[in-house]
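K.L.:
Here's a structure for you.
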Amino acid sequence: MSVAALDTHPVPSCVHGIHALLDTVPTAAWDGLDPAEVRRLLAEIGRAEARLSAHKMAAARVLEKARKAAANGDGPRPGTGTSTGATISIDFGGDRSGADALVSTAERIEAQTTLIENALAAGVISSKQADLISRVLAKLPDDVTPEQRERCEETLLKDAQRLTLKDLRLRGARITEAYKKTTHDVDADEDEILRRREEEARKKTSFSMWDNNDGTVTGRFTLPEAQGAMLKTALDALAAPHQKVGTVNAATGEHDEVGFGQSYPQRLGHAFATLVEHLPADQLPTNGGVSAVVTVNLDLDTLMGGLKAAGLSDGTRISASEARRLACTAKIAPFVLDGKSLPLDFGTSNRYFDAASRRALEKRDMGCTAPGCDRDARWCEAHHMHPYSITGRTDIRDGALLCSFHHHRAHDQDWSGRIADDGHVEWKLPGSDTWRRNTRWRP
Ligand SMILES: [Zn+2]
Ligand SMILES: [Zn+2]
């Protein structure tokens, strides 16, 4: 292997020259420049970065080739790492996965493309665009000719200069348009690409969660894109902040601002909890004869307002007020005990608001009945204003719709509620002697 003399080689002097030039400009020098000029220069820096990344890839390829040669017993090893990516990340930055990606992108660009390397080296496209285009070309059908491949590359290169990265990816999925005649062929190719992607996604799908032993669980999951989008849409809808509502936090004395004081991840977390409580557990498959419905086991005394803690069927302990709130919802069956853990009642269906009475409640209340709240009926829970008698039938004159947030408040703060003569739900909130109603749904 021949190695060029360092003092005459253009690469070291170029790299040293870049450093020397940057040394002359402190970052504070940007202050005082005209914003329009800053914007133009920022784009220029982006181009310079793209050009540098072309050189990084070329360098990475040289190291990778040297490593492979050394592995065949031919020449010295280029570094101390177990792979070229490891060597590069040891030398600077410590980003092993980033360095591995650099090596694989560099090799893919060399193997799959003819124009991309020069476009990147000239600062015409960014390294992310180059990476994406090389991935698209790598996935072209096996029967593509060299001319057709070139047409695809030219088209993508042109598109890269006007499309966002996301749109370029969508364009890439239909790139065989560049040479196939019929839309049907292109559709079939795109379908094949999507089908393979989905199959890959299903293989990667996983879910795990663990107990933090502090009253919370933490989890992580990987979902196919489509189901991820469904989850995100549902959570976003549920996580939208409420406007300032008329209820008061008894502990701080401040008006509730549902969602406003919380970060976006916190709001999504509460939305996820609400979503879980709304799962149709009674319609899920049974697990070897064991129902998927979690039951709340609580003493009659607790149901009627006592303080004794309760439990879920899996052993999780919950507070008395949380047990009463859960017992209100039709998705979770209360299992009422007599104080000596003997069942008094199996939570027969007439304990809950059945589908018909739930519809009647929705028609009457139209949304959360807490003063000022703006959650509509779909995401409300049916609350029993009076702990219902163990034998009595559930009556909608005892029910009121509350959103998850206010349902928690109602149980935590022991709200008193009633139905006024005109059928409107009214609440006496903590610290107040007047009955108040939500006039948002019915004036
Ligand atoms: Zn309730
Ligand atoms: Zn509410």
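Naming scheme: A, B, ... for chains in displayed order of the structure tokens; residues 1 onward per chain; ligands 1 onward as shown.
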Got a sec to check which residues lie within 8 Å of ligand 1, using only C-alpha atoms and all ligand atoms, and send them as a CSV table (one decimal) with C-alpha atoms, in the first residue's frame?
P.N.:
chain,number,residue,atom,x,y,z
A,324,ARG,CA,-65.1,4.9,44.6
A,325,ARG,CA,-64.2,6.8,41.4
A,326,LEU,CA,-63.3,3.5,39.6
A,327,ALA,CA,-66.4,1.9,41.0
A,328,CYS,CA,-68.4,4.6,39.2
A,329,THR,CA,-67.2,3.6,35.8
A,381,GLU,CA,-67.4,9.2,33.1
A,382,ALA,CA,-70.7,8.6,34.8
A,383,HIS,CA,-70.4,9.6,38.4
A,384,HIS,CA,-72.8,8.5,41.1
A,385,MET,CA,-73.7,11.5,43.2
A,402,LEU,CA,-67.7,14.3,34.7
A,407,HIS,CA,-64.2,12.9,38.4
A,408,HIS,CA,-61.0,12.7,40.4
A,410,ALA,CA,-65.3,15.1,42.9
A,411,HIS,CA,-64.1,12.0,44.8
K.L.:
As a compact mmCIF listing (two decimals) with N, CA and C atoms, in the first residue's frame, please: every protein or nucleic acid residue near ligand 2 (cut-off 9 Å, counting only C-alpha atoms and all ligand atoms).
P.N.:
# COMPACT_ATOMS: atom_id res chain seq x y z
N HIS A 242 -57.66 22.11 28.82
CA HIS A 242 -58.96 22.73 29.03
C HIS A 242 -58.72 24.21 29.26
N VAL A 245 -61.05 26.49 34.34
CA VAL A 245 -62.39 26.07 34.72
C VAL A 245 -62.75 26.65 36.08
N THR A 247 -63.59 25.35 38.83
CA THR A 247 -63.38 24.60 40.06
C THR A 247 -62.06 24.99 40.70
N VAL A 258 -56.92 23.10 33.92
CA VAL A 258 -56.66 21.70 33.56
C VAL A 258 -55.69 21.65 32.39
N GLY A 367 -71.93 16.97 28.40
CA GLY A 367 -70.50 17.11 28.64
C GLY A 367 -70.23 17.11 30.12
N CYS A 368 -68.99 17.41 30.50
CA CYS A 368 -68.64 17.45 31.92
C CYS A 368 -69.50 18.49 32.63
N THR A 369 -70.07 18.11 33.78
CA THR A 369 -71.00 19.01 34.47
C THR A 369 -70.29 19.93 35.46
N ALA A 370 -68.95 19.82 35.58
CA ALA A 370 -68.23 20.72 36.50
C ALA A 370 -68.28 22.14 35.94
N PRO A 371 -68.54 23.14 36.80
CA PRO A 371 -68.68 24.52 36.31
C PRO A 371 -67.47 24.94 35.48
N GLY A 372 -67.73 25.39 34.25
CA GLY A 372 -66.68 25.94 33.41
C GLY A 372 -65.92 24.92 32.57
N CYS A 373 -66.17 23.63 32.77
CA CYS A 373 -65.36 22.63 32.05
C CYS A 373 -65.84 22.49 30.59
N ASP A 374 -64.88 22.18 29.68
CA ASP A 374 -65.24 22.12 28.26
C ASP A 374 -65.07 20.73 27.65
N ARG A 375 -64.96 19.66 28.48
CA ARG A 375 -64.84 18.31 27.92
C ARG A 375 -66.23 17.79 27.52
N ASP A 376 -66.33 17.30 26.28
CA ASP A 376 -67.65 16.85 25.85
C ASP A 376 -67.93 15.42 26.32
N CYS A 380 -66.37 11.60 29.04
CA CYS A 380 -66.78 11.78 30.42
C CYS A 380 -67.08 10.43 31.05
N LEU A 401 -72.40 13.36 34.45
CA LEU A 401 -71.17 13.17 33.68
C LEU A 401 -70.08 14.08 34.22
N LEU A 402 -68.86 13.52 34.35
CA LEU A 402 -67.69 14.31 34.74
C LEU A 402 -66.52 13.83 33.89
N CYS A 403 -65.65 14.77 33.49
CA CYS A 403 -64.45 14.35 32.79
C CYS A 403 -63.53 13.68 33.81
N SER A 404 -62.50 13.00 33.31
CA SER A 404 -61.61 12.26 34.21
C SER A 404 -61.03 13.18 35.29
N PHE A 405 -60.60 14.37 34.89
CA PHE A 405 -60.00 15.31 35.84
C PHE A 405 -60.99 15.66 36.95
N HIS A 406 -62.23 16.04 36.54
CA HIS A 406 -63.20 16.45 37.56
C HIS A 406 -63.78 15.28 38.32
N HIS A 407 -63.76 14.09 37.69
CA HIS A 407 -64.21 12.91 38.43
C HIS A 407 -63.25 12.65 39.60
K.L.:
Do you have the CA of Cys14 (chain A)-CA of Asp100 (chain A) distance handy?
P.N.:
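Separation between CA of Cys14 (chain A) and CA of Asp100 (chain A): 25.0 Å.
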K.L.:
Glu153 (chain A): which residues within 8 Å, counting only C-alpha atoms, same-chain residues fewer than 3 positions away excluded, as a compact mmCIF listing (two decimals) with all heavy atoms, in the first residue's frame?
P.N.:
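So result_27.txt came out as:
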# COMPACT_ATOMS: atom_id res chain seq x y z
N THR A 113 -24.95 4.56 -5.80
CA THR A 113 -25.19 5.81 -6.51
C THR A 113 -24.01 6.21 -7.38
O THR A 113 -22.89 5.73 -7.17
CB THR A 113 -25.47 6.97 -5.52
OG1 THR A 113 -24.24 7.34 -4.90
CG2 THR A 113 -26.46 6.55 -4.45
N LEU A 115 -24.18 9.80 -8.84
CA LEU A 115 -24.17 11.27 -8.83
C LEU A 115 -24.16 11.86 -7.41
O LEU A 115 -23.80 13.01 -7.22
CB LEU A 115 -25.43 11.81 -9.54
CG LEU A 115 -25.71 11.24 -10.93
CD1 LEU A 115 -27.10 11.63 -11.38
CD2 LEU A 115 -24.66 11.76 -11.90
N ILE A 116 -24.62 11.04 -6.44
CA ILE A 116 -24.87 11.56 -5.10
C ILE A 116 -23.60 12.06 -4.42
O ILE A 116 -23.57 13.12 -3.81
CB ILE A 116 -25.55 10.47 -4.24
CG1 ILE A 116 -26.93 10.17 -4.80
CG2 ILE A 116 -25.65 10.88 -2.79
CD1 ILE A 116 -27.80 11.37 -5.00
N ILE A 133 -31.57 9.13 -0.30
CA ILE A 133 -31.58 8.75 -1.72
C ILE A 133 -30.88 7.40 -1.92
O ILE A 133 -31.36 6.53 -2.65
CB ILE A 133 -30.93 9.84 -2.59
CG1 ILE A 133 -31.80 11.12 -2.56
CG2 ILE A 133 -30.76 9.37 -4.04
CD1 ILE A 133 -31.18 12.32 -3.23
N LEU A 137 -32.50 3.99 -3.56
CA LEU A 137 -31.90 3.29 -4.70
C LEU A 137 -31.55 1.85 -4.32
O LEU A 137 -31.65 0.94 -5.16
CB LEU A 137 -30.66 4.04 -5.19
CG LEU A 137 -30.96 5.43 -5.78
CD1 LEU A 137 -29.67 6.17 -6.09
CD2 LEU A 137 -31.82 5.33 -7.04
N ARG A 149 -32.08 2.95 -13.33
CA ARG A 149 -31.53 3.32 -12.03
C ARG A 149 -31.00 4.76 -12.08
O ARG A 149 -31.24 5.56 -11.17
CB ARG A 149 -30.41 2.33 -11.69
CG ARG A 149 -29.57 2.69 -10.49
CD ARG A 149 -28.54 1.60 -10.26
NE ARG A 149 -29.12 0.49 -9.56
CZ ARG A 149 -29.24 0.46 -8.21
NH1 ARG A 149 -28.83 1.46 -7.50
NH2 ARG A 149 -29.79 -0.57 -7.63
N GLU A 150 -30.34 5.10 -13.16
CA GLU A 150 -29.79 6.44 -13.32
C GLU A 150 -30.91 7.48 -13.38
O GLU A 150 -30.80 8.56 -12.80
CB GLU A 150 -28.95 6.49 -14.59
CG GLU A 150 -27.78 7.45 -14.53
CD GLU A 150 -26.86 7.22 -15.72
OE1 GLU A 150 -26.29 6.10 -15.82
OE2 GLU A 150 -26.76 8.12 -16.55
N LEU A 156 -34.51 11.95 -8.18
CA LEU A 156 -34.45 12.18 -6.73
C LEU A 156 -33.54 13.36 -6.39
O LEU A 156 -33.83 14.16 -5.50
CB LEU A 156 -33.94 10.92 -6.02
CG LEU A 156 -34.96 9.78 -5.96
CD1 LEU A 156 -34.29 8.50 -5.50
CD2 LEU A 156 -36.12 10.13 -5.04
N LEU A 157 -32.45 13.47 -7.12
CA LEU A 157 -31.51 14.57 -6.89
C LEU A 157 -32.18 15.91 -7.14
O LEU A 157 -32.03 16.86 -6.38
CB LEU A 157 -30.30 14.38 -7.83
CG LEU A 157 -29.04 15.16 -7.51
CD1 LEU A 157 -28.64 14.95 -6.06
CD2 LEU A 157 -27.91 14.70 -8.43
K.L.:
Residues within 12 Å of region 17-31 of chain A, please, as a list in words. Count only C-alpha atoms; anything in the same chain fewer than 5 positions from it doesn't count.
P.N.:
Pro10, Val11, Pro12, Glu37, Val38, Arg39, Leu41, Leu42, Ala48, Glu49 and Leu52 of chain A
K.L.:
Keeping only N, CA, C and O atoms, take the residues you just selected and write them out as an mmCIF file, in the first residue's frame.
P.N.:
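In the end it all went to part_10.cif:
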data_model
loop_
_atom_site.group_PDB
_atom_site.id
_atom_site.type_symbol
_atom_site.label_atom_id
_atom_site.label_comp_id
_atom_site.auth_asym_id
_atom_site.auth_seq_id
_atom_site.Cartn_x
_atom_site.Cartn_y
_atom_site.Cartn_z
ATOM 1 N N PRO A 10 -3.010 17.188 -0.655
ATOM 2 C CA PRO A 10 -3.963 18.304 -0.466
ATOM 3 C C PRO A 10 -4.877 18.149 0.756
ATOM 4 O O PRO A 10 -5.353 19.151 1.289
ATOM 5 N N VAL A 11 -5.136 16.922 1.208
ATOM 6 C CA VAL A 11 -6.112 16.764 2.294
ATOM 7 C C VAL A 11 -5.648 17.408 3.608
ATOM 8 O O VAL A 11 -6.366 18.231 4.170
ATOM 9 N N PRO A 12 -4.437 17.079 4.111
ATOM 10 C CA PRO A 12 -4.045 17.694 5.387
ATOM 11 C C PRO A 12 -4.007 19.214 5.318
ATOM 12 O O PRO A 12 -4.479 19.889 6.242
ATOM 13 N N GLU A 37 -28.695 38.697 6.110
ATOM 14 C CA GLU A 37 -27.355 38.200 5.793
ATOM 15 C C GLU A 37 -27.047 36.940 6.617
ATOM 16 O O GLU A 37 -26.489 35.963 6.107
ATOM 17 N N VAL A 38 -27.463 36.962 7.901
ATOM 18 C CA VAL A 38 -27.253 35.801 8.770
ATOM 19 C C VAL A 38 -27.943 34.583 8.171
ATOM 20 O O VAL A 38 -27.391 33.489 8.123
ATOM 21 N N ARG A 39 -29.162 34.798 7.678
ATOM 22 C CA ARG A 39 -29.927 33.702 7.106
ATOM 23 C C ARG A 39 -29.223 33.100 5.898
ATOM 24 O O ARG A 39 -29.100 31.889 5.752
ATOM 25 N N LEU A 41 -26.025 33.292 5.241
ATOM 26 C CA LEU A 41 -24.776 32.649 5.664
ATOM 27 C C LEU A 41 -25.040 31.297 6.340
ATOM 28 O O LEU A 41 -24.259 30.363 6.194
ATOM 29 N N LEU A 42 -26.163 31.239 7.066
ATOM 30 C CA LEU A 42 -26.497 29.980 7.743
ATOM 31 C C LEU A 42 -26.709 28.868 6.709
ATOM 32 O O LEU A 42 -26.248 27.734 6.883
ATOM 33 N N ALA A 48 -21.571 23.993 3.534
ATOM 34 C CA ALA A 48 -20.196 23.629 3.916
ATOM 35 C C ALA A 48 -20.213 22.326 4.716
ATOM 36 O O ALA A 48 -19.361 21.452 4.522
ATOM 37 N N GLU A 49 -21.211 22.204 5.604
ATOM 38 C CA GLU A 49 -21.337 20.964 6.403
ATOM 39 C C GLU A 49 -21.537 19.766 5.486
ATOM 40 O O GLU A 49 -20.959 18.705 5.697
ATOM 41 N N LEU A 52 -18.297 18.902 3.902
ATOM 42 C CA LEU A 52 -17.416 18.228 4.864
ATOM 43 C C LEU A 52 -17.869 16.785 5.074
ATOM 44 O O LEU A 52 -17.044 15.876 5.213
#
K.L.:
Can you pull out the residues contacting Arg162 (chain A)? Cut-off 12 Å, using only C-alpha atoms, and skip same-chain residues under 4 positions away; I want them as a list in words.
P.N.:
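Near Arg162 (chain A), the qualifying residues are Val124, Ile125, Gln129, Thr155, Leu156, Leu157, Lys158, Lys166, Asp167, Leu168 and Arg171 of chain A.
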K.L.:
Once you have the residues from the selection above, write them out as a CSV table (one decimal), in the first residue's frame, restricted to N, CA, C and O atoms.
P.N.:
chain,number,residue,atom,x,y,z
A,124,VAL,N,-24.7,20.5,-2.8
A,124,VAL,CA,-26.0,20.7,-3.5
A,124,VAL,C,-27.1,20.0,-2.7
A,124,VAL,O,-28.2,20.5,-2.6
A,125,ILE,N,-26.7,18.9,-2.0
A,125,ILE,CA,-27.7,18.3,-1.1
A,125,ILE,C,-27.0,18.0,0.3
A,125,ILE,O,-25.8,18.1,0.4
A,129,GLN,N,-30.2,14.0,3.0
A,129,GLN,CA,-30.8,13.7,1.7
A,129,GLN,C,-30.0,12.7,1.0
A,129,GLN,O,-30.6,11.8,0.4
A,155,THR,N,-33.8,12.0,-10.9
A,155,THR,CA,-35.1,12.5,-10.5
A,155,THR,C,-35.0,12.9,-9.0
A,155,THR,O,-35.5,13.9,-8.5
A,156,LEU,N,-34.5,12.0,-8.2
A,156,LEU,CA,-34.4,12.2,-6.7
A,156,LEU,C,-33.5,13.4,-6.4
A,156,LEU,O,-33.8,14.2,-5.5
A,157,LEU,N,-32.4,13.5,-7.1
A,157,LEU,CA,-31.5,14.6,-6.9
A,157,LEU,C,-32.2,15.9,-7.1
A,157,LEU,O,-32.0,16.9,-6.4
A,158,LYS,N,-33.0,16.0,-8.2
A,158,LYS,CA,-33.7,17.2,-8.6
A,158,LYS,C,-34.8,17.5,-7.5
A,158,LYS,O,-34.9,18.6,-7.0
A,166,LYS,N,-39.2,14.7,4.5
A,166,LYS,CA,-40.4,13.8,4.6
A,166,LYS,C,-41.0,13.5,3.2
A,166,LYS,O,-41.3,12.4,2.9
A,167,ASP,N,-41.2,14.6,2.5
A,167,ASP,CA,-41.8,14.5,1.2
A,167,ASP,C,-40.9,13.7,0.2
A,167,ASP,O,-41.3,13.0,-0.7
A,168,LEU,N,-39.5,13.9,0.4
A,168,LEU,CA,-38.6,13.2,-0.4
A,168,LEU,C,-38.7,11.7,-0.2
A,168,LEU,O,-38.6,10.9,-1.1
A,171,ARG,N,-41.7,10.5,-1.9
A,171,ARG,CA,-41.4,10.5,-3.4
A,171,ARG,C,-40.6,9.2,-3.7
A,171,ARG,O,-40.8,8.6,-4.7
K.L.:
Would you mind reading off the distance between CA of Leu279 (chain A) and CA of Trp415 (chain A), one decimal, in Å?
P.N.:
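Between these atoms lies a distance of 26.6 Å.
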K.L.:
Taking only region 84-258 of chain A into account, list the residues labelled alpha helix (DSSP H) by DSSP (computed from the backbone), as a ChimeraX atom specification.
P.N.:
/A:84-91,96-112,116-121,127-138,146-160,165-173,183-204,225-239
K.L.:
If we count only C-alpha atoms, what is near region 173-184 of chain A at a cut-off of 8 Å, once residues fewer than 5 positions away on the same chain are taken out, given as a list in words?
P.N.:
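After dropping sequence-adjacent residues, the list is Val136, Leu140, Gln148, Arg151, Cys152, Thr155, Leu156, Asp189, Glu190, Ile193 and Leu194 of chain A.
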K.L.:
Write out the residues from the selection above, keeping N, CA, C and O atoms, as a JSON list (two decimals), in the first residue's frame.
P.N.:
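As written to disk, part_28.json reads:
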[["chain", "number", "residue", "atom", "x", "y", "z"],
["A", 136, "VAL", "N", -33.20, 4.66, -0.93],
["A", 136, "VAL", "CA", -34.25, 4.42, -1.93],
["A", 136, "VAL", "C", -33.69, 3.59, -3.09],
["A", 136, "VAL", "O", -34.28, 2.61, -3.53],
["A", 140, "LEU", "N", -34.52, -0.50, -4.94],
["A", 140, "LEU", "CA", -35.15, -0.64, -6.26],
["A", 140, "LEU", "C", -35.35, -2.12, -6.58],
["A", 140, "LEU", "O", -34.57, -2.96, -6.14],
["A", 148, "GLN", "N", -32.40, 2.81, -16.07],
["A", 148, "GLN", "CA", -33.56, 3.16, -15.24],
["A", 148, "GLN", "C", -33.09, 3.64, -13.86],
["A", 148, "GLN", "O", -33.62, 4.60, -13.30],
["A", 151, "ARG", "N", -32.00, 7.13, -14.11],
["A", 151, "ARG", "CA", -33.14, 8.05, -14.20],
["A", 151, "ARG", "C", -33.71, 8.33, -12.80],
["A", 151, "ARG", "O", -34.05, 9.46, -12.48],
["A", 152, "CYS", "N", -33.82, 7.27, -12.01],
["A", 152, "CYS", "CA", -34.34, 7.43, -10.65],
["A", 152, "CYS", "C", -33.43, 8.36, -9.83],
["A", 152, "CYS", "O", -33.90, 9.24, -9.12],
["A", 155, "THR", "N", -33.82, 11.98, -10.90],
["A", 155, "THR", "CA", -35.10, 12.53, -10.45],
["A", 155, "THR", "C", -35.04, 12.88, -8.96],
["A", 155, "THR", "O", -35.47, 13.95, -8.54],
["A", 156, "LEU", "N", -34.51, 11.95, -8.18],
["A", 156, "LEU", "CA", -34.45, 12.18, -6.73],
["A", 156, "LEU", "C", -33.54, 13.36, -6.39],
["A", 156, "LEU", "O", -33.83, 14.16, -5.50],
["A", 189, "ASP", "N", -45.23, -1.38, -7.15],
["A", 189, "ASP", "CA", -43.91, -1.25, -6.52],
["A", 189, "ASP", "C", -44.01, -0.60, -5.15],
["A", 189, "ASP", "O", -43.40, -1.04, -4.18],
["A", 190, "GLU", "N", -44.79, 0.49, -5.09],
["A", 190, "GLU", "CA", -44.94, 1.18, -3.81],
["A", 190, "GLU", "C", -45.57, 0.25, -2.79],
["A", 190, "GLU", "O", -45.15, 0.18, -1.64],
["A", 193, "ILE", "N", -43.01, -2.09, -1.45],
["A", 193, "ILE", "CA", -42.12, -1.44, -0.50],
["A", 193, "ILE", "C", -42.81, -1.27, 0.85],
["A", 193, "ILE", "O", -42.26, -1.58, 1.91],
["A", 194, "LEU", "N", -44.06, -0.79, 0.80],
["A", 194, "LEU", "CA", -44.80, -0.56, 2.04],
["A", 194, "LEU", "C", -45.04, -1.87, 2.77],
["A", 194, "LEU", "O", -44.93, -1.96, 3.99]]
K.L.:
Figure out the distance between CA of Glu198 (chain A) and CA of Arg220 (chain A), please, to one decimal in Å.
P.N.:
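If I compute the distance from CA of Arg220 (chain A) to CA of Glu198 (chain A), I get 19.9 Å.
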K.L.:
Would you give me, as a list in words, the residues in region 263-313 of chain A that DSSP reads as strand (DSSP E or B)?
P.N.:
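Residues meeting the strand (DSSP E or B) criterion: Asn287, Val290, Thr295, Val296, Asn297, Leu298, Asp299, Ala310, Gly311 and Leu312 of chain A.
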